[in-house]
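Undergrad: So I've got this file, final-v9.txt, and it contains compact mmCIF, C-alpha atoms:
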```
# COMPACT_ATOMS: atom_id res chain seq x y z
CA MET A 1 104.55 53.33 114.38
CA ALA A 2 100.96 52.15 114.20
CA LEU A 3 98.54 54.41 112.41
CA PRO A 4 94.80 54.72 112.99
CA SER A 5 92.48 53.26 110.41
CA THR A 6 90.36 55.69 108.43
CA PRO A 7 86.63 55.10 107.98
CA SER A 8 85.25 54.88 104.47
CA PRO A 9 84.11 58.30 103.25
CA ASP A 10 80.39 58.88 103.12
CA PRO A 11 78.86 59.40 99.64
CA ILE A 12 78.41 63.14 100.09
CA ARG A 13 82.04 63.74 101.08
CA ALA A 14 83.21 61.46 98.26
CA TRP A 15 81.12 63.51 95.80
CA LEU A 16 82.51 66.79 97.13
CA ALA A 17 86.09 65.51 96.91
CA ALA A 18 85.52 64.47 93.28
CA VAL A 19 84.21 67.95 92.46
CA ILE A 20 87.18 69.65 94.09
CA ARG A 21 89.79 67.53 92.34
CA GLY A 22 88.12 68.18 88.97
CA ALA A 23 86.84 64.66 88.36
CA GLU A 24 83.41 63.71 87.10
CA PRO A 25 81.45 63.63 90.38
CA GLY A 26 78.63 61.35 89.20
CA ALA A 27 75.02 61.71 90.19
CA LEU A 28 74.16 64.49 92.61
CA PRO A 29 73.55 63.15 96.14
CA PRO A 30 69.78 63.16 96.75
CA ASP A 31 70.02 65.04 100.05
CA GLU A 32 70.60 68.62 98.91
CA ALA A 33 70.43 70.07 102.43
CA GLY A 34 72.87 67.42 103.65
CA LEU A 35 75.22 68.25 100.78
CA LEU A 36 75.25 71.95 101.64
CA ASP A 37 75.66 71.27 105.37
CA THR A 38 78.56 68.87 104.79
CA ALA A 39 80.29 71.25 102.39
CA ARG A 40 80.01 74.07 104.94
CA ALA A 41 81.25 71.90 107.81
CA ASP A 42 84.20 70.71 105.72
CA GLY A 43 85.07 74.24 104.62
CA VAL A 44 84.71 73.56 100.89
CA LEU A 45 81.37 75.09 99.87
CA THR A 46 82.98 78.11 98.19
CA LEU A 47 85.57 75.88 96.54
CA CYS A 48 82.88 73.54 95.21
CA HIS A 49 80.92 76.48 93.81
CA ASP A 50 84.04 77.68 92.01
CA ARG A 51 84.59 74.25 90.47
CA LEU A 52 80.96 73.58 89.52
CA ARG A 53 80.21 76.96 87.97
CA ARG A 54 83.09 76.38 85.52
CA SER A 55 81.61 73.05 84.52
CA PRO A 56 79.35 72.68 81.46
CA ARG A 57 76.96 70.79 83.75
CA TRP A 58 76.45 73.79 86.06
CA THR A 59 73.05 74.69 84.62
CA GLN A 60 71.88 71.09 84.97
CA TYR A 61 72.05 71.22 88.78
CA PRO A 62 68.93 72.22 90.72
CA GLU A 63 68.32 75.96 90.85
CA THR A 64 68.01 75.87 94.64
CA LEU A 65 71.48 74.33 94.93
CA ARG A 66 73.02 76.82 92.51
CA GLU A 67 71.44 79.75 94.34
CA ALA A 68 72.59 78.55 97.75
CA MET A 69 76.16 77.99 96.53
CA THR A 70 76.30 81.32 94.70
CA ARG A 71 74.96 83.22 97.72
CA HIS A 72 77.59 81.62 99.95
CA ALA A 73 80.35 82.46 97.46
CA TYR A 74 79.32 86.13 97.27
CA GLN A 75 79.27 86.28 101.06
CA ALA A 76 82.73 84.69 101.18
CA VAL A 77 84.13 87.40 98.89
CA ALA A 78 82.64 90.17 101.05
CA VAL A 79 83.87 88.53 104.27
CA GLU A 80 87.38 88.14 102.91
CA LEU A 81 87.55 91.81 101.94
CA MET A 82 86.55 92.83 105.49
CA ARG A 83 88.84 90.27 107.08
CA ALA A 84 91.85 91.31 104.99
CA ALA A 85 91.39 95.00 105.79
CA GLU A 86 91.14 94.23 109.51
CA LEU A 87 94.15 91.92 109.41
CA ARG A 88 96.29 94.61 107.79
CA ASP A 89 95.40 96.94 110.66
CA VAL A 90 96.13 94.24 113.26
CA LEU A 91 99.52 93.37 111.77
CA ALA A 92 100.47 97.04 111.49
CA ALA A 93 99.57 97.66 115.14
CA LEU A 94 101.57 94.64 116.30
CA ALA A 95 104.55 95.69 114.19
CA GLN A 96 104.42 99.18 115.66
CA ALA A 97 104.59 97.57 119.11
CA GLY A 98 107.71 95.69 118.03
CA LEU A 99 106.06 92.26 118.10
CA PRO A 100 107.17 89.65 115.52
CA VAL A 101 104.23 87.65 114.12
CA LEU A 102 103.74 84.76 111.72
CA LEU A 103 100.45 83.94 110.02
CA LEU A 104 99.51 80.27 110.29
CA LYS A 105 97.23 77.82 108.52
CA GLY A 106 94.18 79.10 106.64
CA ALA A 107 94.94 82.82 106.66
CA ALA A 108 98.39 82.33 105.16
CA LEU A 109 97.41 79.53 102.80
CA ALA A 110 94.49 81.54 101.41
CA TYR A 111 96.97 84.06 99.98
CA THR A 112 99.87 81.79 99.10
CA LEU A 113 98.21 78.60 97.88
CA TYR A 114 94.76 79.36 96.46
CA PRO A 115 94.01 81.31 93.26
CA GLU A 116 91.62 83.58 95.18
CA PRO A 117 91.76 83.96 99.00
CA HIS A 118 88.00 83.65 99.50
CA LEU A 119 88.20 80.06 98.21
CA ARG A 120 89.94 79.02 101.44
CA ASP A 121 87.05 79.07 103.92
CA ARG A 122 88.02 79.71 107.52
CA CYS A 123 86.40 80.97 110.70
CA ASP A 124 89.37 82.74 112.32
CA THR A 125 92.93 83.93 111.82
CA ASP A 126 95.86 82.25 113.57
CA LEU A 127 98.82 84.35 114.64
CA LEU A 128 102.02 82.87 116.08
CA LEU A 129 104.25 84.84 118.47
CA PRO A 130 107.58 83.78 120.00
CA SER A 131 106.43 83.38 123.62
CA ARG A 132 103.56 83.56 126.09
CA ASP A 133 104.75 86.98 127.28
CA GLU A 134 104.72 88.37 123.75
CA ALA A 135 101.30 86.83 123.11
CA GLU A 136 99.99 88.67 126.17
CA ARG A 137 101.59 91.87 124.91
CA ALA A 138 99.86 91.32 121.59
CA TRP A 139 96.57 90.93 123.42
CA ARG A 140 97.05 94.28 125.12
CA VAL A 141 97.62 95.87 121.72
CA LEU A 142 94.49 94.21 120.34
CA GLN A 143 92.44 95.57 123.20
CA THR A 144 93.17 99.07 121.89
CA LEU A 145 91.65 97.97 118.57
CA GLY A 146 88.42 96.87 120.26
CA TYR A 147 89.04 93.14 120.72
CA GLN A 148 87.58 91.15 123.60
CA ARG A 149 88.40 87.76 125.08
CA PRO A 150 85.86 85.02 125.77
CA ASN A 151 86.01 83.09 129.03
CA ALA A 152 88.88 80.62 128.87
CA ALA A 153 91.28 78.88 131.23
CA SER A 154 94.67 80.57 131.46
CA GLY A 155 97.10 77.68 132.09
CA ASP A 156 100.23 77.90 129.95
CA LEU A 157 100.62 74.12 129.58
CA ALA A 158 96.97 73.19 129.19
CA CYS A 159 96.60 75.72 126.38
CA GLY A 160 99.04 77.29 123.94
CA GLN A 161 96.87 80.09 122.61
CA LEU A 162 94.34 82.72 123.55
CA GLY A 163 91.34 83.68 121.50
CA CYS A 164 89.83 87.10 121.00
CA TYR A 165 87.14 88.66 118.84
CA LYS A 166 85.79 91.97 117.63
CA THR A 167 82.47 92.90 116.08
CA GLY A 168 83.11 94.99 113.01
CA SER A 169 80.97 96.77 110.45
CA GLY A 170 77.77 95.02 109.49
CA GLY A 171 77.94 92.89 112.61
CA PHE A 172 80.71 90.67 111.24
CA THR A 173 82.86 89.06 113.94
CA HIS A 174 86.62 89.10 113.46
CA ALA A 175 88.14 86.18 115.40
CA LEU A 176 91.84 85.80 116.16
CA ASP A 177 93.77 82.98 117.81
CA ILE A 178 97.04 84.23 119.28
CA HIS A 179 99.44 81.28 119.58
CA TRP A 180 102.68 80.93 121.45
CA ARG A 181 102.72 77.23 120.55
CA LEU A 182 101.78 75.81 117.16
CA ASN A 183 98.83 73.96 118.69
CA ASN A 184 97.59 72.56 122.00
CA ALA A 185 98.84 69.04 121.41
CA ILE A 186 101.90 68.88 123.68
CA LEU A 187 102.90 65.51 122.21
CA LEU A 188 103.33 67.07 118.78
CA VAL A 189 103.91 70.75 119.36
CA GLU A 190 107.43 71.24 120.71
CA ARG A 191 109.09 70.39 117.41
CA PHE A 192 109.81 73.75 115.80
CA THR A 193 110.91 77.06 117.29
CA PHE A 194 109.56 80.45 116.30
CA ALA A 195 113.06 81.53 115.26
CA GLU A 196 113.38 78.53 112.95
CA LEU A 197 110.01 79.20 111.31
CA ALA A 198 110.64 82.93 111.03
CA ALA A 199 114.03 82.36 109.36
CA ALA A 200 112.30 80.55 106.50
CA ALA A 201 109.18 82.74 106.37
CA ILE A 202 107.81 84.20 103.16
CA SER A 203 106.13 87.57 102.71
CA ILE A 204 102.43 87.90 101.91
CA PRO A 205 102.29 91.32 100.22
CA GLU A 206 98.51 91.24 99.67
CA LEU A 207 98.12 91.61 103.45
CA GLY A 208 100.62 94.43 103.79
CA PRO A 209 104.32 94.80 104.57
CA HIS A 210 104.07 93.12 107.98
CA ALA A 211 102.44 89.89 106.78
CA TRP A 212 104.68 86.81 106.87
CA GLY A 213 103.76 83.13 106.62
CA LEU A 214 105.47 79.74 106.58
CA ASP A 215 107.28 78.58 103.48
CA LEU A 216 106.08 75.47 101.63
CA VAL A 217 108.25 73.04 103.61
CA TYR A 218 107.13 74.18 107.05
CA ALA A 219 103.56 74.83 105.91
CA LEU A 220 103.22 71.18 104.82
CA LEU A 221 104.73 69.93 108.08
CA LEU A 222 102.29 72.06 110.07
CA ALA A 223 99.30 71.02 107.94
CA CYS A 224 100.06 67.34 108.54
CA ILE A 225 100.64 67.77 112.29
CA HIS A 226 97.59 70.02 112.70
CA ARG A 227 95.35 67.38 111.16
CA VAL A 228 96.65 64.61 113.44
CA ALA A 229 96.34 66.84 116.52
CA HIS A 230 92.67 67.44 115.74
CA GLN A 231 92.10 63.75 115.14
CA LEU A 232 93.50 62.89 118.55
CA TRP A 233 92.30 65.71 120.77
CA ASN A 234 89.01 66.77 119.23
CA THR A 235 87.77 63.49 117.74
CA SER A 236 86.93 65.49 114.61
CA THR A 237 86.56 63.88 111.24
CA ASP A 238 89.03 64.80 108.51
CA ARG A 239 87.79 68.11 107.12
CA LEU A 240 88.15 68.16 103.35
CA ILE A 241 89.68 71.64 103.40
CA TRP A 242 92.56 70.41 105.60
CA LEU A 243 93.19 67.50 103.26
CA TYR A 244 93.01 69.77 100.23
CA ASP A 245 95.57 72.11 101.82
CA ILE A 246 97.90 69.12 102.12
CA HIS A 247 97.17 68.09 98.54
CA LEU A 248 97.94 71.55 97.15
CA LEU A 249 101.11 71.92 99.19
CA THR A 250 102.47 68.59 97.97
CA GLN A 251 101.93 69.65 94.37
CA ARG A 252 104.06 72.78 94.89
CA LEU A 253 107.15 71.14 96.40
CA ALA A 254 110.20 70.71 94.17
CA ASP A 255 112.46 67.67 94.58
CA GLU A 256 114.94 69.55 96.76
CA GLU A 257 112.12 70.82 98.99
CA TRP A 258 110.67 67.33 99.32
CA GLN A 259 114.01 66.05 100.58
CA GLN A 260 114.34 68.92 103.03
CA TRP A 261 110.79 68.23 104.22
CA VAL A 262 111.25 64.50 104.79
CA VAL A 263 114.57 65.03 106.62
CA LEU A 264 112.87 67.51 108.95
CA ALA A 265 109.95 65.12 109.53
CA GLN A 266 112.38 62.35 110.50
CA LYS A 267 114.56 64.55 112.72
CA ARG A 268 111.58 65.99 114.59
CA GLY A 269 109.87 62.65 115.14
CA VAL A 270 106.72 63.34 113.10
CA SER A 271 107.23 60.93 110.20
CA GLY A 272 104.25 58.81 111.25
CA SER A 273 101.94 61.79 111.55
CA CYS A 274 103.06 63.14 108.19
CA LEU A 275 102.79 59.77 106.47
CA ASN A 276 99.28 59.25 107.77
CA SER A 277 98.17 62.71 106.65
CA LEU A 278 99.63 62.27 103.16
CA ARG A 279 97.92 58.93 102.73
CA ILE A 280 94.52 60.25 103.81
CA ALA A 281 94.86 63.24 101.47
CA GLN A 282 95.81 60.83 98.70
CA LEU A 283 92.65 58.80 99.29
CA ALA A 284 90.48 61.90 98.99
CA PHE A 285 92.20 63.73 96.14
CA GLU A 286 94.32 61.09 94.35
CA THR A 287 97.40 63.05 95.33
CA VAL A 288 100.54 62.08 93.42
CA LEU A 289 103.33 61.51 95.94
CA PRO A 290 106.99 60.62 95.35
CA ALA A 291 107.57 56.96 96.15
CA ASN A 292 110.99 57.61 97.68
CA ILE A 293 109.48 60.15 100.08
CA LEU A 294 106.82 57.68 101.22
CA SER A 295 109.44 54.98 101.82
CA GLN A 296 111.60 57.39 103.85
CA LEU A 297 108.58 58.45 105.89
CA GLN A 298 107.69 54.83 106.55
CA ALA A 299 111.21 54.13 107.77
CA GLY A 300 111.00 57.13 110.05
CA ALA A 301 107.58 56.10 111.31
CA ASP A 302 108.85 52.62 112.14
CA ARG A 303 111.48 54.19 114.40
CA GLU A 304 108.96 56.36 116.25
CA ASN A 305 107.97 53.73 118.77
CA TRP A 306 107.54 56.28 121.58
CA PHE A 307 104.14 57.34 120.29
CA ASN A 308 101.53 54.92 118.99
CA LEU A 309 98.62 56.75 117.35
CA ASP A 310 96.29 53.78 117.74
CA LEU A 311 96.82 53.76 121.51
CA ALA A 312 96.77 57.54 121.75
CA SER A 313 93.29 57.57 120.24
CA GLN A 314 92.07 56.29 123.63
CA TRP A 315 91.62 59.41 125.74
CA TRP A 316 93.11 58.07 128.95
CA ARG A 317 96.21 56.81 127.11
CA LEU A 318 96.51 60.15 125.39
CA GLU A 319 96.47 61.99 128.70
CA TRP A 320 99.04 59.57 130.10
CA LEU A 321 101.34 59.98 127.09
CA THR A 322 101.08 63.75 127.39
CA PHE A 323 101.88 63.55 131.11
CA ARG A 324 104.95 61.40 130.42
CA VAL A 325 106.38 63.58 127.64
CA LEU A 326 106.60 66.69 129.83
CA PRO A 327 110.23 67.45 130.70
CA SER A 328 110.14 67.49 134.52
CA THR A 329 108.11 66.53 137.58
CA ALA A 330 107.32 70.20 138.19
CA ALA A 331 105.98 70.60 134.64
CA ARG A 332 103.88 67.45 135.01
CA LEU A 333 102.34 68.62 138.26
CA ARG A 334 101.65 72.05 136.80
CA TRP A 335 100.01 70.51 133.71
CA LEU A 336 97.90 68.22 135.88
CA GLY A 337 96.80 71.12 138.06
CA GLN A 338 95.86 73.23 135.03
CA ARG A 339 93.91 70.37 133.46
CA LEU A 340 91.94 69.51 136.59
CA PHE A 341 91.76 72.83 138.40
CA PRO A 342 91.71 75.89 136.13
CA ASP A 343 91.87 79.32 137.72
CA ALA A 344 89.03 80.45 139.98
CA ASP A 345 88.00 83.41 137.80
CA PHE A 346 87.43 81.09 134.85
CA MET A 347 85.35 78.74 137.02
CA ARG A 348 83.18 81.59 138.36
CA ARG A 349 82.44 82.86 134.85
CA GLN A 350 81.88 79.35 133.53
CA TYR A 351 79.46 78.17 136.21
CA GLY A 352 78.01 81.45 137.44
CA PHE A 353 78.72 81.17 141.17
CA ARG A 354 80.13 83.90 143.41
CA HIS A 355 81.14 82.48 146.77
CA SER A 356 84.52 80.70 146.87
CA LEU A 357 83.06 77.91 149.00
CA TRP A 358 81.39 76.59 145.86
CA LEU A 359 84.70 76.26 144.02
CA PRO A 360 85.56 72.64 145.10
CA TRP A 361 82.06 71.50 144.18
CA PHE A 362 82.27 72.91 140.66
CA TYR A 363 85.75 71.51 140.17
CA GLY A 364 84.17 68.10 140.81
CA VAL A 365 81.32 68.89 138.43
CA ARG A 366 83.78 69.89 135.71
CA ILE A 367 85.85 66.70 136.09
CA VAL A 368 82.77 64.46 135.96
CA GLN A 369 81.42 66.32 132.92
CA GLY A 370 84.75 66.01 131.14
CA VAL A 371 85.02 62.26 131.73
CA ALA A 372 81.39 61.73 130.69
CA LYS A 373 81.98 63.68 127.49
CA ARG A 374 85.01 61.57 126.63
CA ILE A 375 83.06 58.36 127.25
CA ARG A 376 80.16 59.53 125.06
CA GLN A 377 82.57 60.34 122.26
CA GLY A 378 84.16 56.91 122.58
CA HIS A 379 87.54 58.65 122.58
```
Let me see the structure of the file written as structure tokens.
TA:
Amino acid sequence: MALPSTPSPDPIRAWLAAVIRGAEPGALPPDEAGLLDTARADGVLTLCHDRLRRSPRWTQYPETLREAMTRHAYQAVAVELMRAAELRDVLAALAQAGLPVLLLKGAALAYTLYPEPHLRDRCDTDLLLPSRDEAERAWRVLQTLGYQRPNAASGDLACGQLGCYKTGSGGFTHALDIHWRLNNAILLVERFTFAELAAAAISIPELGPHAWGLDLVYALLLACIHRVAHQLWNTSTDRLIWLYDIHLLTQRLADEEWQQWVVLAQKRGVSGSCLNSLRIAQLAFETVLPANILSQLQAGADRENWFNLDLASQWWRLEWLTFRVLPSTAARLRWLGQRLFPDADFMRRQYGFRHSLWLPWFYGVRIVQGVAKRIRQGH
């Protein structure tokens, strides 16, 4: 299985990675504003502040940098307190409605992996439910708590989640993503069932009696797949916080858990994705990885000839691969229709027209804009 090459890290991201892993970071990058912007974009500004303020060199850094980092860290603590209180209420309301829920990604990892939850920067909370119907039921419950939904297409194949938000005290926005699939990447998503994940779930008591997240084995699988999905579909660079999640998870796995993890990766056809993610995390954070696990992943990746990540990085090949992997002609036609022609209500809100006669025109506009965007991104 061919894997995409990774560009050399820029000096600012290399400096940030050195700080996070506890190494001597070297001279401070000259662009202080660029350093702060990159750390925010990569989700590691609070983490870097925590590392640097414990260093004997902390007072040697510019006062403006120290003040900006400290201000962000204090805000992160306050935000996490508000977010945690709201999440307890959300989980309690969903439990009262009889809806099973799993916390995914940053929200769960903040409380199970990091020494303090505010150190795991995130912009929203991801909730996984067993099905689309139960996700819609969850949305109806959230409406009673004051949540709203932004304009979004409603196709079940084109999207595996719905987003909603609520403005709380102090004007802070609570954002939730309600998933019925692990992510929107159809090529990678149909690998694990809710029942399987729930059977191995662990409690997160800090968020109340109804808070459950993935255990270490499944959390590492999801972290690796999530990163690859973003690389393919969103053309995003590797965020340092995603790579650090992977790094921390690998350091927690015992030998027996490693073997369980690699067997699952091979059985579910994601050895290549997992191998690539581990290697990129290793480049950033000098992650120590078991040699036998890497060799087993490589063997699994070599057998995964159905999906070539190098080819999938070209947008038209990616769409074609997604089309092919769908289980039936009916599913393929439905996916194609949802991708090209989302529902009319979404189009009216998106483009601001009223009369239905304009609908074909704006479908054409949307398709042209989408292709142009892909071409500009070189994806």
Undergrad: Using only C-alpha atoms, determine which residues lie at most 12 Å from A:Arg137, disregarding the query and same-chain residues fewer than 6 positions distant; provide the list as a PyMOL selection string.
TA: chain A and resi 93-95+97-101+129-131+143-144+162+178+180
Undergrad: Choose the residue, out of A:Leu359, A:Leu28, A:Leu297, A:Leu214, that has the smallest atom-to-atom separation from A:Gly269; count only C-alpha atoms.
TA: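 Answer, going by the shortest atom-to-atom distance: A:Leu297.
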Undergrad: Between atom CA of A:Arg88 and atom CA of A:Tyr111, what distance in Å does the model show, to one decimal?
TA: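 Pair atom CA of A:Arg88 / atom CA of A:Tyr111 returns 13.1 Å.
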Undergrad: When you count all atoms listed in the file, which of these residues is closest to A:Glu136: A:Gly168, A:Asp177, A:Ala108, A:Cys224?
TA: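 Using all atoms listed in the file, A:Glu136 sits closest to A:Asp177.
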Undergrad: Give the answer as one residue: which of A:Ala219, A:Arg332, A:Val79, A:Cys48 has the shortest atom-to-atom distance to A:Gly171, using all atoms listed in the file?
TA: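 Among the listed residues, A:Val79 lies closest to A:Gly171.
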Undergrad: Quick check, in Å to one decimal: how far apart do atom CA of A:Arg349 and atom CA of A:Arg366 lie?
TA: 13.1 Å
Undergrad: Please provide as a JSON list (two decimals) with C-alpha atoms, in the frame of the given file all residues within 9 Å of stretch 49-61 of chain A, with the sequence filter that same-chain residues fewer than 2 positions apart are discarded (counting all atoms listed in the file).
TA:
```json
[["chain", "number", "residue", "atom", "x", "y", "z"],
["A", 19, "VAL", "CA", 84.21, 67.95, 92.46],
["A", 20, "ILE", "CA", 87.18, 69.65, 94.09],
["A", 21, "ARG", "CA", 89.79, 67.53, 92.34],
["A", 22, "GLY", "CA", 88.12, 68.18, 88.97],
["A", 28, "LEU", "CA", 74.16, 64.49, 92.61],
["A", 44, "VAL", "CA", 84.71, 73.56, 100.89],
["A", 45, "LEU", "CA", 81.37, 75.09, 99.87],
["A", 46, "THR", "CA", 82.98, 78.11, 98.19],
["A", 47, "LEU", "CA", 85.57, 75.88, 96.54],
["A", 63, "GLU", "CA", 68.32, 75.96, 90.85],
["A", 64, "THR", "CA", 68.01, 75.87, 94.64],
["A", 65, "LEU", "CA", 71.48, 74.33, 94.93],
["A", 66, "ARG", "CA", 73.02, 76.82, 92.51],
["A", 69, "MET", "CA", 76.16, 77.99, 96.53],
["A", 70, "THR", "CA", 76.30, 81.32, 94.70],
["A", 72, "HIS", "CA", 77.59, 81.62, 99.95],
["A", 73, "ALA", "CA", 80.35, 82.46, 97.46],
["A", 119, "LEU", "CA", 88.20, 80.06, 98.21]]
```
Undergrad: In Å, with one decimal, what is the gap from atom CA of A:Asp238 to atom CA of A:Ala68?
TA: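 About the pair atom CA of A:Asp238 and atom CA of A:Ala68: they are 24.0 Å apart.
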Undergrad: May I have the residues within 8 Å of A:Tyr363 as a PyMOL selection string, using only C-alpha atoms and disregarding those fewer than 5 positions away in the same chain?
TA: chain A and resi 340-341+347
Undergrad: What's the 10 Å shell around A:Ala85, counting all atoms listed in the file, without same-chain residues fewer than 4 positions away, as a list in words?
TA: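 After dropping sequence-adjacent residues, the list is Glu80, Leu81, Asp89, Val90, Leu207 and Gly208 of chain A.
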Undergrad: Next, write the just-selected residues to a file, as a PDB file, keeping the file's coordinate frame, keeping C-alpha atoms as the atom set.
TA:
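Written output follows (part-v9.pdb):
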```
ATOM      1  CA  GLU A  80      87.380  88.140 102.910  1.00  0.00           C
ATOM      2  CA  LEU A  81      87.550  91.810 101.940  1.00  0.00           C
ATOM      3  CA  ASP A  89      95.400  96.940 110.660  1.00  0.00           C
ATOM      4  CA  VAL A  90      96.130  94.240 113.260  1.00  0.00           C
ATOM      5  CA  LEU A 207      98.120  91.610 103.450  1.00  0.00           C
ATOM      6  CA  GLY A 208     100.620  94.430 103.790  1.00  0.00           C
TER       7      GLY A 208
END
```
Undergrad: Give as a PyMOL selection string the set of residues within 10 Å of the point (87.7, 96.6, 121.3), where distances use the file's coordinates and only C-alpha atoms.
TA: chain A and resi 141-149+164-168
Undergrad: Would you output that residue set with C-alpha atoms, as a PDB file, in the coordinates of the input?
TA:
```pdb
ATOM      1  CA  VAL A 141      97.620  95.870 121.720  1.00  0.00           C
ATOM      2  CA  LEU A 142      94.490  94.210 120.340  1.00  0.00           C
ATOM      3  CA  GLN A 143      92.440  95.570 123.200  1.00  0.00           C
ATOM      4  CA  THR A 144      93.170  99.070 121.890  1.00  0.00           C
ATOM      5  CA  LEU A 145      91.650  97.970 118.570  1.00  0.00           C
ATOM      6  CA  GLY A 146      88.420  96.870 120.260  1.00  0.00           C
ATOM      7  CA  TYR A 147      89.040  93.140 120.720  1.00  0.00           C
ATOM      8  CA  GLN A 148      87.580  91.150 123.600  1.00  0.00           C
ATOM      9  CA  ARG A 149      88.400  87.760 125.080  1.00  0.00           C
ATOM     10  CA  CYS A 164      89.830  87.100 121.000  1.00  0.00           C
ATOM     11  CA  TYR A 165      87.140  88.660 118.840  1.00  0.00           C
ATOM     12  CA  LYS A 166      85.790  91.970 117.630  1.00  0.00           C
ATOM     13  CA  THR A 167      82.470  92.900 116.080  1.00  0.00           C
ATOM     14  CA  GLY A 168      83.110  94.990 113.010  1.00  0.00           C
TER      15      GLY A 168
END
```
